[in-house]
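Text of data.cif, listed as mmCIF, C-alpha atoms (C1' of nucleotides):
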data_structure
#
loop_
_atom_site.group_PDB
_atom_site.id
_atom_site.type_symbol
_atom_site.label_atom_id
_atom_site.label_comp_id
_atom_site.auth_asym_id
_atom_site.auth_seq_id
_atom_site.Cartn_x
_atom_site.Cartn_y
_atom_site.Cartn_z
ATOM 1 C CA MET A 25 -12.120 -106.017 -50.441
ATOM 2 C CA PRO A 26 -12.064 -102.284 -50.470
ATOM 3 C CA GLU A 27 -8.888 -100.745 -51.782
ATOM 4 C CA MET A 28 -8.034 -97.072 -51.878
ATOM 5 C CA PRO A 29 -10.531 -96.012 -54.617
ATOM 6 C CA GLU A 30 -13.395 -97.663 -52.743
ATOM 7 C CA VAL A 31 -12.370 -96.082 -49.441
ATOM 8 C CA GLU A 32 -11.974 -92.703 -51.166
ATOM 9 C CA THR A 33 -15.510 -93.012 -52.538
ATOM 10 C CA ILE A 34 -16.822 -93.865 -49.075
ATOM 11 C CA VAL A 35 -14.966 -90.952 -47.482
ATOM 12 C CA GLN A 36 -16.356 -88.446 -49.987
ATOM 13 C CA ALA A 37 -19.882 -89.618 -49.214
ATOM 14 C CA LEU A 38 -19.351 -89.565 -45.439
ATOM 15 C CA LYS A 39 -18.012 -86.009 -45.627
ATOM 16 C CA ARG A 40 -21.289 -84.846 -47.071
ATOM 17 C CA ARG A 41 -23.470 -86.798 -44.701
ATOM 18 C CA ILE A 42 -22.081 -87.092 -41.183
ATOM 19 C CA VAL A 43 -19.937 -84.008 -40.560
ATOM 20 C CA GLY A 44 -21.664 -82.029 -37.826
ATOM 21 C CA GLU A 45 -23.548 -85.008 -36.422
ATOM 22 C CA THR A 46 -23.344 -85.777 -32.690
ATOM 23 C CA VAL A 47 -23.243 -89.353 -31.401
ATOM 24 C CA ALA A 48 -26.234 -90.285 -29.262
ATOM 25 C CA ASP A 49 -25.800 -94.003 -28.873
ATOM 26 C CA VAL A 50 -23.585 -96.929 -29.909
ATOM 27 C CA VAL A 51 -24.671 -100.537 -30.410
ATOM 28 C CA VAL A 52 -21.960 -103.179 -30.656
ATOM 29 C CA GLU A 53 -23.192 -106.512 -31.989
ATOM 30 C CA TRP A 54 -19.768 -108.099 -32.460
ATOM 31 C CA PRO A 55 -17.220 -107.019 -29.817
ATOM 32 C CA ARG A 56 -14.147 -108.065 -31.812
ATOM 33 C CA SER A 57 -14.990 -105.477 -34.464
ATOM 34 C CA ILE A 58 -13.791 -102.919 -31.906
ATOM 35 C CA ALA A 59 -10.023 -103.025 -31.580
ATOM 36 C CA LEU A 60 -8.139 -102.215 -28.368
ATOM 37 C CA LEU A 61 -11.212 -101.308 -26.297
ATOM 38 C CA SER A 62 -14.156 -103.141 -24.761
ATOM 39 C CA PRO A 63 -17.500 -102.287 -26.360
ATOM 40 C CA ALA A 64 -18.613 -100.548 -23.166
ATOM 41 C CA GLU A 65 -15.495 -98.407 -22.991
ATOM 42 C CA PHE A 66 -15.719 -97.633 -26.706
ATOM 43 C CA SER A 67 -19.348 -96.543 -26.392
ATOM 44 C CA ARG A 68 -18.672 -94.476 -23.315
ATOM 45 C CA ARG A 69 -15.910 -92.550 -25.077
ATOM 46 C CA VAL A 70 -17.742 -91.996 -28.356
ATOM 47 C CA VAL A 71 -21.165 -90.902 -27.110
ATOM 48 C CA GLY A 72 -21.472 -87.128 -26.936
ATOM 49 C CA ARG A 73 -18.722 -86.416 -29.433
ATOM 50 C CA SER A 74 -19.465 -84.864 -32.797
ATOM 51 C CA VAL A 75 -17.963 -85.446 -36.227
ATOM 52 C CA THR A 76 -15.745 -82.607 -37.420
ATOM 53 C CA ARG A 77 -14.153 -84.100 -40.546
ATOM 54 C CA VAL A 78 -13.679 -87.311 -42.490
ATOM 55 C CA THR A 79 -10.419 -88.163 -44.238
ATOM 56 C CA ARG A 80 -8.560 -91.141 -45.644
ATOM 57 C CA ARG A 81 -5.060 -92.568 -45.361
ATOM 58 C CA GLY A 82 -4.355 -95.646 -47.466
ATOM 59 C CA LYS A 83 -7.304 -97.977 -46.888
ATOM 60 C CA PHE A 84 -8.147 -96.407 -43.520
ATOM 61 C CA THR A 85 -11.171 -94.165 -43.052
ATOM 62 C CA ILE A 86 -10.461 -91.521 -40.408
ATOM 63 C CA ILE A 87 -13.388 -89.814 -38.691
ATOM 64 C CA ARG A 88 -12.247 -86.887 -36.566
ATOM 65 C CA LEU A 89 -14.348 -86.208 -33.486
ATOM 66 C CA ALA A 90 -14.672 -83.325 -31.031
ATOM 67 C CA PRO A 91 -13.611 -83.196 -28.277
ATOM 68 C CA PRO A 92 -10.527 -84.501 -30.152
ATOM 69 C CA LYS A 93 -10.414 -88.211 -30.880
ATOM 70 C CA LEU A 94 -9.985 -90.308 -34.021
ATOM 71 C CA LEU A 95 -12.485 -92.952 -35.002
ATOM 72 C CA VAL A 96 -10.480 -95.059 -37.456
ATOM 73 C CA VAL A 97 -12.039 -97.782 -39.589
ATOM 74 C CA HIS A 98 -10.338 -100.501 -41.610
ATOM 75 C CA LEU A 99 -12.879 -102.386 -43.725
ATOM 76 C CA GLY A 100 -10.945 -105.629 -44.114
ATOM 77 C CA MET A 101 -12.407 -107.787 -46.880
ATOM 78 C CA THR A 102 -16.155 -107.246 -46.654
ATOM 79 C CA GLY A 103 -16.640 -104.173 -44.466
ATOM 80 C CA ARG A 104 -19.122 -101.462 -45.432
ATOM 81 C CA LEU A 105 -19.918 -98.110 -43.861
ATOM 82 C CA LEU A 106 -23.584 -97.423 -44.450
ATOM 83 C CA ILE A 107 -25.648 -94.346 -43.690
ATOM 84 C CA ASP A 108 -29.136 -94.919 -42.386
ATOM 85 C CA GLU A 109 -31.223 -91.816 -42.848
ATOM 86 C CA ALA A 110 -33.285 -90.672 -39.897
ATOM 87 C CA THR A 111 -36.484 -92.645 -39.570
ATOM 88 C CA GLU A 112 -39.732 -91.610 -37.908
ATOM 89 C CA PRO A 113 -39.279 -90.747 -34.207
ATOM 90 C CA ASN A 114 -41.174 -93.793 -32.976
ATOM 91 C CA ALA A 115 -39.921 -96.328 -35.491
ATOM 92 C CA THR A 116 -38.524 -99.374 -33.715
ATOM 93 C CA ALA A 117 -34.798 -99.040 -33.338
ATOM 94 C CA GLY A 118 -32.767 -101.974 -34.585
ATOM 95 C CA ALA A 119 -35.531 -103.287 -36.762
ATOM 96 C CA SER A 120 -33.640 -102.257 -39.893
ATOM 97 C CA GLN A 121 -30.432 -103.998 -38.840
ATOM 98 C CA ASP A 122 -29.442 -107.010 -40.853
ATOM 99 C CA ALA A 123 -27.594 -110.033 -39.532
ATOM 100 C CA TYR A 124 -24.182 -108.666 -40.575
ATOM 101 C CA THR A 125 -24.281 -105.294 -38.847
ATOM 102 C CA ARG A 126 -21.449 -105.403 -36.308
ATOM 103 C CA VAL A 127 -21.553 -101.863 -34.932
ATOM 104 C CA ALA A 128 -24.113 -99.069 -35.228
ATOM 105 C CA ILE A 129 -23.379 -95.478 -34.265
ATOM 106 C CA ARG A 130 -26.591 -93.529 -33.919
ATOM 107 C CA PHE A 131 -26.619 -89.765 -34.045
ATOM 108 C CA VAL A 132 -28.805 -87.276 -32.196
ATOM 109 C CA SER A 133 -30.477 -86.359 -35.494
ATOM 110 C CA GLY A 134 -31.714 -89.895 -35.928
ATOM 111 C CA LYS A 135 -29.243 -90.724 -38.689
ATOM 112 C CA ALA A 136 -26.903 -93.643 -38.103
ATOM 113 C CA LEU A 137 -23.529 -94.871 -39.349
ATOM 114 C CA ARG A 138 -23.594 -98.638 -39.586
ATOM 115 C CA PHE A 139 -20.564 -100.930 -39.893
ATOM 116 C CA ARG A 140 -21.620 -104.068 -41.736
ATOM 117 C CA ASP A 141 -19.010 -106.788 -42.182
ATOM 118 C CA VAL A 142 -19.832 -110.337 -43.255
ATOM 119 C CA ARG A 143 -16.382 -111.834 -42.727
ATOM 120 C CA LYS A 144 -15.518 -109.899 -39.556
ATOM 121 C CA PHE A 145 -12.004 -108.948 -40.699
ATOM 122 C CA GLY A 146 -12.673 -105.212 -40.387
ATOM 123 C CA ARG A 147 -11.773 -103.196 -37.270
ATOM 124 C CA ILE A 148 -12.822 -99.945 -35.658
ATOM 125 C CA TYR A 149 -10.302 -98.070 -33.491
ATOM 126 C CA LEU A 150 -10.732 -95.089 -31.194
ATOM 127 C CA VAL A 151 -7.388 -93.388 -30.672
ATOM 128 C CA ASP A 152 -5.736 -90.053 -30.013
ATOM 129 C CA GLY A 153 -3.308 -90.370 -32.896
ATOM 130 C CA ALA A 154 -2.468 -92.486 -35.938
ATOM 131 C CA CYS A 155 0.694 -93.710 -34.217
ATOM 132 C CA GLU A 156 -1.403 -95.970 -31.980
ATOM 133 C CA ILE A 157 -2.307 -98.163 -34.946
ATOM 134 C CA PRO A 158 0.827 -99.941 -36.255
ATOM 135 C CA LEU A 159 -0.224 -100.318 -39.893
ATOM 136 C CA LEU A 160 -1.552 -96.772 -40.124
ATOM 137 C CA ARG A 161 1.601 -95.430 -38.524
ATOM 138 C CA ASP A 162 3.870 -97.314 -40.910
ATOM 139 C CA LEU A 163 1.949 -96.595 -44.112
ATOM 140 C CA GLY A 164 3.956 -95.715 -47.222
ATOM 141 C CA PRO A 165 3.280 -92.664 -49.397
ATOM 142 C CA GLU A 166 -0.088 -91.881 -50.983
ATOM 143 C CA PRO A 167 0.257 -92.705 -54.682
ATOM 144 C CA LEU A 168 -1.933 -89.791 -55.773
ATOM 145 C CA SER A 169 -0.328 -87.127 -53.596
ATOM 146 C CA ASP A 170 1.663 -84.294 -55.179
ATOM 147 C CA THR A 171 4.742 -85.294 -53.288
ATOM 148 C CA PHE A 172 4.737 -88.812 -54.730
ATOM 149 C CA ARG A 173 6.987 -88.417 -57.797
ATOM 150 C CA PRO A 174 8.369 -90.911 -60.315
ATOM 151 C CA GLN A 175 11.635 -90.682 -58.471
ATOM 152 C CA THR A 176 9.900 -91.582 -55.203
ATOM 153 C CA LEU A 177 8.730 -94.836 -56.765
ATOM 154 C CA ARG A 178 12.111 -95.548 -58.380
ATOM 155 C CA GLU A 179 13.763 -95.268 -54.977
ATOM 156 C CA LEU A 180 11.209 -97.571 -53.359
ATOM 157 C CA LEU A 181 11.747 -100.169 -56.090
ATOM 158 C CA ARG A 182 15.511 -99.971 -55.757
ATOM 159 C CA ARG A 183 15.506 -100.313 -51.974
ATOM 160 C CA HIS A 184 14.165 -103.882 -51.910
ATOM 161 C CA ARG A 185 14.983 -107.168 -53.589
ATOM 162 C CA ARG A 186 11.428 -108.434 -53.937
ATOM 163 C CA GLN A 187 8.937 -109.427 -56.587
ATOM 164 C CA ILE A 188 7.017 -106.390 -57.771
ATOM 165 C CA LYS A 189 3.547 -107.662 -56.896
ATOM 166 C CA PRO A 190 4.118 -108.394 -53.204
ATOM 167 C CA LEU A 191 6.075 -105.151 -52.982
ATOM 168 C CA LEU A 192 3.140 -103.114 -54.306
ATOM 169 C CA LEU A 193 0.716 -104.961 -52.022
ATOM 170 C CA ASP A 194 2.839 -104.037 -49.004
ATOM 171 C CA GLN A 195 1.097 -101.032 -47.440
ATOM 172 C CA ARG A 196 4.338 -99.912 -45.791
ATOM 173 C CA ILE A 197 5.872 -99.416 -49.222
ATOM 174 C CA LEU A 198 2.936 -97.710 -50.937
ATOM 175 C CA ALA A 199 -0.471 -97.023 -49.380
ATOM 176 C CA GLY A 200 -3.774 -98.090 -50.849
ATOM 177 C CA LEU A 201 -3.172 -100.682 -53.549
ATOM 178 C CA GLY A 202 -4.763 -104.110 -53.173
ATOM 179 C CA ASN A 203 -5.105 -107.186 -55.328
ATOM 180 C CA ILE A 204 -7.280 -105.646 -58.059
ATOM 181 C CA TYR A 205 -5.323 -102.460 -58.639
ATOM 182 C CA VAL A 206 -1.910 -104.098 -58.454
ATOM 183 C CA ASP A 207 -2.888 -106.527 -61.215
ATOM 184 C CA GLU A 208 -4.440 -103.711 -63.245
ATOM 185 C CA SER A 209 -1.437 -101.413 -62.803
ATOM 186 C CA LEU A 210 1.059 -104.111 -63.788
ATOM 187 C CA TRP A 211 -0.974 -104.902 -66.912
ATOM 188 C CA GLN A 212 -1.167 -101.212 -67.777
ATOM 189 C CA ALA A 213 2.608 -100.918 -67.387
ATOM 190 C CA GLY A 214 3.362 -104.185 -69.202
ATOM 191 C CA ILE A 215 5.250 -105.657 -66.242
ATOM 192 C CA HIS A 216 5.094 -109.305 -65.121
ATOM 193 C CA PRO A 217 3.999 -109.624 -61.466
ATOM 194 C CA ARG A 218 7.084 -111.683 -60.551
ATOM 195 C CA THR A 219 9.597 -109.219 -61.931
ATOM 196 C CA LEU A 220 12.157 -108.224 -59.328
ATOM 197 C CA SER A 221 11.582 -104.583 -58.475
ATOM 198 C CA ARG A 222 15.287 -103.815 -58.683
ATOM 199 C CA ALA A 223 15.476 -105.206 -62.206
ATOM 200 C CA LEU A 224 13.070 -102.579 -63.566
ATOM 201 C CA SER A 225 14.644 -99.991 -65.839
ATOM 202 C CA THR A 226 14.068 -96.298 -65.267
ATOM 203 C CA ASP A 227 11.626 -96.296 -68.163
ATOM 204 C CA GLU A 228 9.714 -99.256 -66.776
ATOM 205 C CA ALA A 229 9.551 -97.684 -63.314
ATOM 206 C CA ASN A 230 8.303 -94.409 -64.786
ATOM 207 C CA GLY A 231 5.717 -96.347 -66.777
ATOM 208 C CA LEU A 232 4.610 -98.122 -63.610
ATOM 209 C CA TYR A 233 4.267 -94.774 -61.855
ATOM 210 C CA ARG A 234 1.963 -93.502 -64.603
ATOM 211 C CA ALA A 235 0.047 -96.793 -64.664
ATOM 212 C CA ILE A 236 -0.663 -96.783 -60.925
ATOM 213 C CA ARG A 237 -1.930 -93.205 -60.999
ATOM 214 C CA LYS A 238 -4.031 -93.749 -64.101
ATOM 215 C CA VAL A 239 -5.626 -96.928 -62.750
ATOM 216 C CA LEU A 240 -6.409 -95.380 -59.353
ATOM 217 C CA ARG A 241 -7.768 -92.129 -60.800
ATOM 218 C CA GLN A 242 -10.036 -93.987 -63.172
ATOM 219 C CA ALA A 243 -11.299 -96.258 -60.391
ATOM 220 C CA ILE A 244 -12.102 -93.261 -58.188
ATOM 221 C CA GLN A 245 -13.884 -91.597 -61.082
ATOM 222 C CA ASN A 246 -15.927 -94.775 -61.477
ATOM 223 C CA ARG A 247 -16.726 -94.798 -57.735
ATOM 224 C CA GLY A 248 -14.887 -98.052 -57.059
ATOM 225 C CA THR A 249 -14.987 -101.647 -58.279
ATOM 226 C CA THR A 250 -17.828 -103.906 -57.188
ATOM 227 C CA ILE A 251 -17.021 -107.559 -57.758
ATOM 228 C CA ARG A 252 -19.370 -108.747 -55.087
ATOM 229 C CA ASP A 253 -19.378 -107.027 -51.716
ATOM 230 C CA TYR A 254 -18.338 -103.442 -52.177
ATOM 231 C CA ARG A 255 -21.028 -100.775 -51.706
ATOM 232 C CA ASP A 256 -20.805 -97.059 -50.969
ATOM 233 C CA PRO A 257 -22.499 -95.551 -47.863
ATOM 234 C CA GLN A 258 -25.793 -95.349 -49.732
ATOM 235 C CA ASP A 259 -25.524 -99.036 -50.596
ATOM 236 C CA GLU A 260 -24.747 -98.309 -54.255
ATOM 237 C CA PRO A 261 -22.227 -100.447 -56.153
ATOM 238 C CA GLY A 262 -19.295 -98.912 -58.022
ATOM 239 C CA GLU A 263 -18.903 -98.989 -61.786
ATOM 240 C CA ASN A 264 -15.220 -99.666 -62.288
ATOM 241 C CA GLN A 265 -15.665 -103.416 -62.819
ATOM 242 C CA GLY A 266 -16.442 -102.699 -66.472
ATOM 243 C CA ALA A 267 -13.111 -100.911 -66.875
ATOM 244 C CA LEU A 268 -10.907 -103.778 -65.663
ATOM 245 C CA SER A 269 -8.358 -105.190 -68.116
ATOM 246 C CA VAL A 270 -7.166 -108.374 -66.409
ATOM 247 C CA TYR A 271 -8.547 -108.822 -62.909
ATOM 248 C CA ARG A 272 -10.765 -111.913 -62.889
ATOM 249 C CA LEU A 273 -10.665 -112.048 -66.682
ATOM 250 C CA GLU A 274 -8.614 -115.237 -67.082
ATOM 251 C CA GLY A 275 -9.438 -117.100 -70.270
ATOM 252 C CA GLN A 276 -10.546 -113.937 -72.043
ATOM 253 C CA GLU A 277 -8.561 -112.164 -74.734
ATOM 254 C CA CYS A 278 -6.251 -109.339 -73.733
ATOM 255 C CA ARG A 279 -7.750 -106.082 -74.960
ATOM 256 C CA ARG A 280 -4.308 -104.873 -76.029
ATOM 257 C CA CYS A 281 -2.832 -107.870 -77.841
ATOM 258 C CA GLY A 282 -5.480 -110.587 -78.057
ATOM 259 C CA HIS A 283 -3.543 -113.256 -76.152
ATOM 260 C CA VAL A 284 -5.379 -115.214 -73.510
ATOM 261 C CA ILE A 285 -5.192 -113.756 -70.010
ATOM 262 C CA CYS A 286 -3.693 -116.084 -67.383
ATOM 263 C CA ARG A 287 -4.322 -116.590 -63.699
ATOM 264 C CA THR A 288 -1.651 -117.787 -61.301
ATOM 265 C CA ILE A 289 -0.731 -117.424 -57.637
ATOM 266 C CA VAL A 290 1.823 -114.826 -56.564
ATOM 267 C CA ALA A 291 2.355 -113.848 -52.956
ATOM 268 C CA GLY A 292 -0.429 -116.263 -52.067
ATOM 269 C CA ARG A 293 -2.889 -114.137 -54.024
ATOM 270 C CA SER A 294 -4.795 -114.816 -57.209
ATOM 271 C CA THR A 295 -2.897 -112.967 -59.931
ATOM 272 C CA HIS A 296 -4.074 -112.050 -63.421
ATOM 273 C CA TYR A 297 -1.864 -110.990 -66.310
ATOM 274 C CA CYS A 298 -1.303 -111.176 -70.044
ATOM 275 C CA PRO A 299 1.735 -113.393 -70.754
ATOM 276 C CA ALA A 300 2.369 -111.589 -74.030
ATOM 277 C CA CYS A 301 2.072 -107.998 -72.807
ATOM 278 C CA GLN A 302 3.762 -108.739 -69.487
ATOM 279 C CA PRO A 303 6.735 -111.001 -70.263
ATOM 280 C CA LEU A 304 9.119 -112.144 -67.539
ATOM 281 C CA GLN A 305 12.706 -111.352 -68.561
ATOM 282 C CA SER A 306 15.060 -114.250 -67.847
ATOM 283 C CA THR A 307 17.541 -111.850 -66.268
ATOM 284 C CA ASN A 308 14.964 -111.075 -63.607
ATOM 285 C CA TYR A 309 14.981 -114.712 -62.578
ATOM 286 C CA ALA A 310 11.688 -115.930 -61.206
ATOM 287 C CA MET A 311 12.111 -118.307 -58.295
ATOM 288 C CA THR A 312 9.102 -120.351 -59.238
ATOM 289 C CA ALA A 313 7.968 -121.900 -62.477
ATOM 290 C CA ASP A 314 5.651 -119.538 -64.233
ATOM 291 C CA ARG A 315 2.020 -120.454 -64.636
ATOM 292 C "C1'" DC B 7 15.825 -110.185 -45.873
ATOM 293 C "C1'" DA B 8 12.210 -112.531 -48.678
ATOM 294 C "C1'" DA B 9 8.682 -116.034 -49.691
ATOM 295 C "C1'" DT B 10 5.049 -119.087 -48.143
ATOM 296 C "C1'" DC B 11 1.283 -120.488 -45.551
ATOM 297 C "C1'" DA B 12 -2.026 -120.726 -41.952
ATOM 298 C "C1'" DA B 13 -5.150 -118.073 -39.368
ATOM 299 C "C1'" DC B 14 -8.880 -114.892 -38.720
ATOM 300 C "C1'" DC B 15 -14.349 -115.482 -40.776
ATOM 301 C "C1'" DT B 16 -18.574 -116.284 -43.691
ATOM 302 C "C1'" DG B 17 -20.927 -117.168 -47.838
ATOM 303 C "C1'" DG B 18 -21.288 -118.149 -52.792
ATOM 304 C "C1'" DG B 19 -20.427 -121.103 -56.608
ATOM 305 C "C1'" DT B 20 -19.424 -125.661 -58.618
ATOM 306 C "C1'" DG B 21 -19.188 -130.456 -59.259
ATOM 307 C "C1'" DC B 22 -20.548 -135.087 -57.770
ATOM 308 C "C1'" DT C 2 -30.838 -131.664 -51.520
ATOM 309 C "C1'" DG C 3 -26.617 -132.575 -49.563
ATOM 310 C "C1'" DC C 4 -21.842 -132.258 -49.234
ATOM 311 C "C1'" DA C 5 -17.068 -131.513 -50.185
ATOM 312 C "C1'" DC C 6 -14.157 -128.263 -52.004
ATOM 313 C "C1'" DC C 7 -12.474 -123.910 -53.933
ATOM 314 C "C1'" DC C 8 -12.739 -119.056 -54.037
ATOM 315 C "C1'" DA C 9 -12.986 -114.150 -52.161
ATOM 316 C "C1'" DG C 10 -11.057 -106.084 -52.858
ATOM 317 C "C1'" DG C 11 -6.789 -107.783 -46.242
ATOM 318 C "C1'" DT C 12 -3.390 -108.260 -42.705
ATOM 319 C "C1'" DT C 13 -0.512 -110.702 -39.440
ATOM 320 C "C1'" DG C 14 2.552 -113.935 -37.467
ATOM 321 C "C1'" DA C 15 5.092 -118.323 -37.628
ATOM 322 C "C1'" DT C 16 8.088 -120.975 -40.428
ATOM 323 C "C1'" DT C 17 11.449 -122.033 -44.054
#
Give the structure from this file in structure tokens form.
Amino acid sequence: MPEMPEVETIVQALKRRIVGETVADVVVEWPRSIALLSPAEFSRRVVGRSVTRVTRRGKFTIIRLAPPKLLVVHLGMTGRLLIDEATEPNATAGASQDAYTRVAIRFVSGKALRFRDVRKFGRIYLVDGACEIPLLRDLGPEPLSDTFRPQTLRELLRRHRRQIKPLLLDQRILAGLGNIYVDESLWQAGIHPRTLSRALSTDEANGLYRAIRKVLRQAIQNRGTTIRDYRDPQDEPGENQGALSVYRLEGQECRRCGHVICRTIVAGRSTHYCPACQPLQSTNYAMTADR
DNA sequence: CAATCAACCTGGGTGC
DNA sequence: TGCACCCAGGTTGATT
């Protein structure tokens, strides 16, 4: 569910609200939400540590603790990180927890960081370094970093013989894009999702570079896209859903050319595009019948 | 190497 | 109301 702009929004909020807090207590309601460690071991190692900074890498939220340790969260499809403000000293603990809270980290101040995850695909890790988490270790470049240049993308596209959509969804190639922003970026760039990455011209690759950055920046500015589940740490939805051009808009008219937006399956994922704005060149041979 | 699909989970929406 | 079926912002591992 949450892609990079949603995670970025969450991280900005957590920075303001939990840096400096010290962990008093951990409640694990669903043990499998904790990766690698037993709930007891996880709790034992987290209690007493304090939060020194909060950062992001791809779709991972990274909470740095002292003494040094990384609390890393991947939200999966429906994960949320919610801040519960301190309640009255003798309010009943746990009373505010809903049925989908999987882990609650309570701070000495009375505030709490709550991991809520309906579908249970999210994971929380406690590690010494990013290298202990395979996906985090192998993450591709950050699309909004200064060191990610048009040439960086051109080289990535040239290195593989794959359809562009699954390539962009692959976190080892580029970090942070998910189903929404890949569809939006490809529409913005006028590229069909099944186009072979190696068949893209220099101009098309440069256009895709600009499209990805524009789409992500706008989504961050709009505090993320809420289709259904996404909420920031204060339980507020994002506002980017109104800025989408194709995602989940099948049957509606393309805002650029007026043709009807199509939905199909690519890489096993629902895929939205405008067949007029995003034509599939015959030279880029699609393996499967289109649409 | 690349594509597909099932699996991990739960709930919401739709059609009969 | 009930029920079957499809769908969902992700990732992984087996299979073709």
Using 7 Å as the limit and counting only C-alpha atoms (C1' of nucleotides), can you tabulate each residue of chain A that touches chain C, with its shortest atom-to-atom distance in Å and the two atoms involved, as JSON lines?
{"residue": "A:Met25", "atom": "CA", "partner": "C:DG10", "partner_atom": "C1'", "distance": 2.6}
{"residue": "A:Pro26", "atom": "CA", "partner": "C:DG10", "partner_atom": "C1'", "distance": 4.6}
{"residue": "A:Glu27", "atom": "CA", "partner": "C:DG10", "partner_atom": "C1'", "distance": 5.9}
{"residue": "A:Gly100", "atom": "CA", "partner": "C:DG11", "partner_atom": "C1'", "distance": 5.1}
{"residue": "A:Met101", "atom": "CA", "partner": "C:DG11", "partner_atom": "C1'", "distance": 5.7}
{"residue": "A:Gly202", "atom": "CA", "partner": "C:DG10", "partner_atom": "C1'", "distance": 6.6}
{"residue": "A:Asn203", "atom": "CA", "partner": "C:DG10", "partner_atom": "C1'", "distance": 6.5}
{"residue": "A:Ile204", "atom": "CA", "partner": "C:DG10", "partner_atom": "C1'", "distance": 6.4}
Pick from A:Trp54, A:Tyr271, A:Phe172, A:Phe66, whichever lies nearest to A:Ser209 using only C-alpha atoms:
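Using only C-alpha atoms, A:Ser209 sits closest to A:Tyr271.
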Residues selected by the PyMOL selection byres ((chain A and resi 46) around 12), written as a PDB file with C-alpha atoms, in the coordinates of the input:
ATOM      1  CA  ILE A  42     -22.081 -87.092 -41.183  1.00  0.00           C
ATOM      2  CA  VAL A  43     -19.937 -84.008 -40.560  1.00  0.00           C
ATOM      3  CA  GLY A  44     -21.664 -82.029 -37.826  1.00  0.00           C
ATOM      4  CA  GLU A  45     -23.548 -85.008 -36.422  1.00  0.00           C
ATOM      5  CA  VAL A  47     -23.243 -89.353 -31.401  1.00  0.00           C
ATOM      6  CA  ALA A  48     -26.234 -90.285 -29.262  1.00  0.00           C
ATOM      7  CA  ASP A  49     -25.800 -94.003 -28.873  1.00  0.00           C
ATOM      8  CA  VAL A  50     -23.585 -96.929 -29.909  1.00  0.00           C
ATOM      9  CA  VAL A  70     -17.742 -91.996 -28.356  1.00  0.00           C
ATOM     10  CA  VAL A  71     -21.165 -90.902 -27.110  1.00  0.00           C
ATOM     11  CA  GLY A  72     -21.472 -87.128 -26.936  1.00  0.00           C
ATOM     12  CA  ARG A  73     -18.722 -86.416 -29.433  1.00  0.00           C
ATOM     13  CA  SER A  74     -19.465 -84.864 -32.797  1.00  0.00           C
ATOM     14  CA  VAL A  75     -17.963 -85.446 -36.227  1.00  0.00           C
ATOM     15  CA  THR A  76     -15.745 -82.607 -37.420  1.00  0.00           C
ATOM     16  CA  ARG A  88     -12.247 -86.887 -36.566  1.00  0.00           C
ATOM     17  CA  LEU A  89     -14.348 -86.208 -33.486  1.00  0.00           C
ATOM     18  CA  ALA A  90     -14.672 -83.325 -31.031  1.00  0.00           C
ATOM     19  CA  PRO A  91     -13.611 -83.196 -28.277  1.00  0.00           C
ATOM     20  CA  ILE A 129     -23.379 -95.478 -34.265  1.00  0.00           C
ATOM     21  CA  ARG A 130     -26.591 -93.529 -33.919  1.00  0.00           C
ATOM     22  CA  PHE A 131     -26.619 -89.765 -34.045  1.00  0.00           C
ATOM     23  CA  VAL A 132     -28.805 -87.276 -32.196  1.00  0.00           C
ATOM     24  CA  SER A 133     -30.477 -86.359 -35.494  1.00  0.00           C
ATOM     25  CA  GLY A 134     -31.714 -89.895 -35.928  1.00  0.00           C
ATOM     26  CA  LYS A 135     -29.243 -90.724 -38.689  1.00  0.00           C
ATOM     27  CA  ALA A 136     -26.903 -93.643 -38.103  1.00  0.00           C
ATOM     28  CA  LEU A 137     -23.529 -94.871 -39.349  1.00  0.00           C
TER      29      LEU A 137
END
Residues returned when the PyMOL selection byres ((chain B) within 8 of (chain A)) runs on this file, as a PyMOL selection string:
chain B and resi 8-11+14-16
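Atom pair atom CA of A:Thr295 / atom CA of A:Ser169: separated by 26.7 Å.
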For a quick check of understanding, using only C-alpha atoms, which of A:Gly231, A:Leu159, A:Arg247, A:Trp211 has the smallest distance to A:Cys301?
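Of all the options, A:Trp211 lies closest to A:Cys301.
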Selection under test: the PyMOL selection byres ((chain A and resi 214) around 12); residues as a CSV table (one decimal) with C-alpha atoms, keeping the file's coordinate frame:
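File written: result34.csv
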chain,number,residue,atom,x,y,z
A,206,VAL,CA,-1.9,-104.1,-58.5
A,207,ASP,CA,-2.9,-106.5,-61.2
A,208,GLU,CA,-4.4,-103.7,-63.2
A,209,SER,CA,-1.4,-101.4,-62.8
A,210,LEU,CA,1.1,-104.1,-63.8
A,211,TRP,CA,-1.0,-104.9,-66.9
A,212,GLN,CA,-1.2,-101.2,-67.8
A,213,ALA,CA,2.6,-100.9,-67.4
A,215,ILE,CA,5.2,-105.7,-66.2
A,216,HIS,CA,5.1,-109.3,-65.1
A,217,PRO,CA,4.0,-109.6,-61.5
A,219,THR,CA,9.6,-109.2,-61.9
A,224,LEU,CA,13.1,-102.6,-63.6
A,227,ASP,CA,11.6,-96.3,-68.2
A,228,GLU,CA,9.7,-99.3,-66.8
A,229,ALA,CA,9.6,-97.7,-63.3
A,230,ASN,CA,8.3,-94.4,-64.8
A,231,GLY,CA,5.7,-96.3,-66.8
A,232,LEU,CA,4.6,-98.1,-63.6
A,233,TYR,CA,4.3,-94.8,-61.9
A,234,ARG,CA,2.0,-93.5,-64.6
A,235,ALA,CA,0.0,-96.8,-64.7
A,236,ILE,CA,-0.7,-96.8,-60.9
A,269,SER,CA,-8.4,-105.2,-68.1
A,270,VAL,CA,-7.2,-108.4,-66.4
A,278,CYS,CA,-6.3,-109.3,-73.7
A,280,ARG,CA,-4.3,-104.9,-76.0
A,281,CYS,CA,-2.8,-107.9,-77.8
A,297,TYR,CA,-1.9,-111.0,-66.3
A,298,CYS,CA,-1.3,-111.2,-70.0
A,299,PRO,CA,1.7,-113.4,-70.8
A,300,ALA,CA,2.4,-111.6,-74.0
A,301,CYS,CA,2.1,-108.0,-72.8
A,302,GLN,CA,3.8,-108.7,-69.5
A,303,PRO,CA,6.7,-111.0,-70.3
A,304,LEU,CA,9.1,-112.1,-67.5
A,305,GLN,CA,12.7,-111.4,-68.6
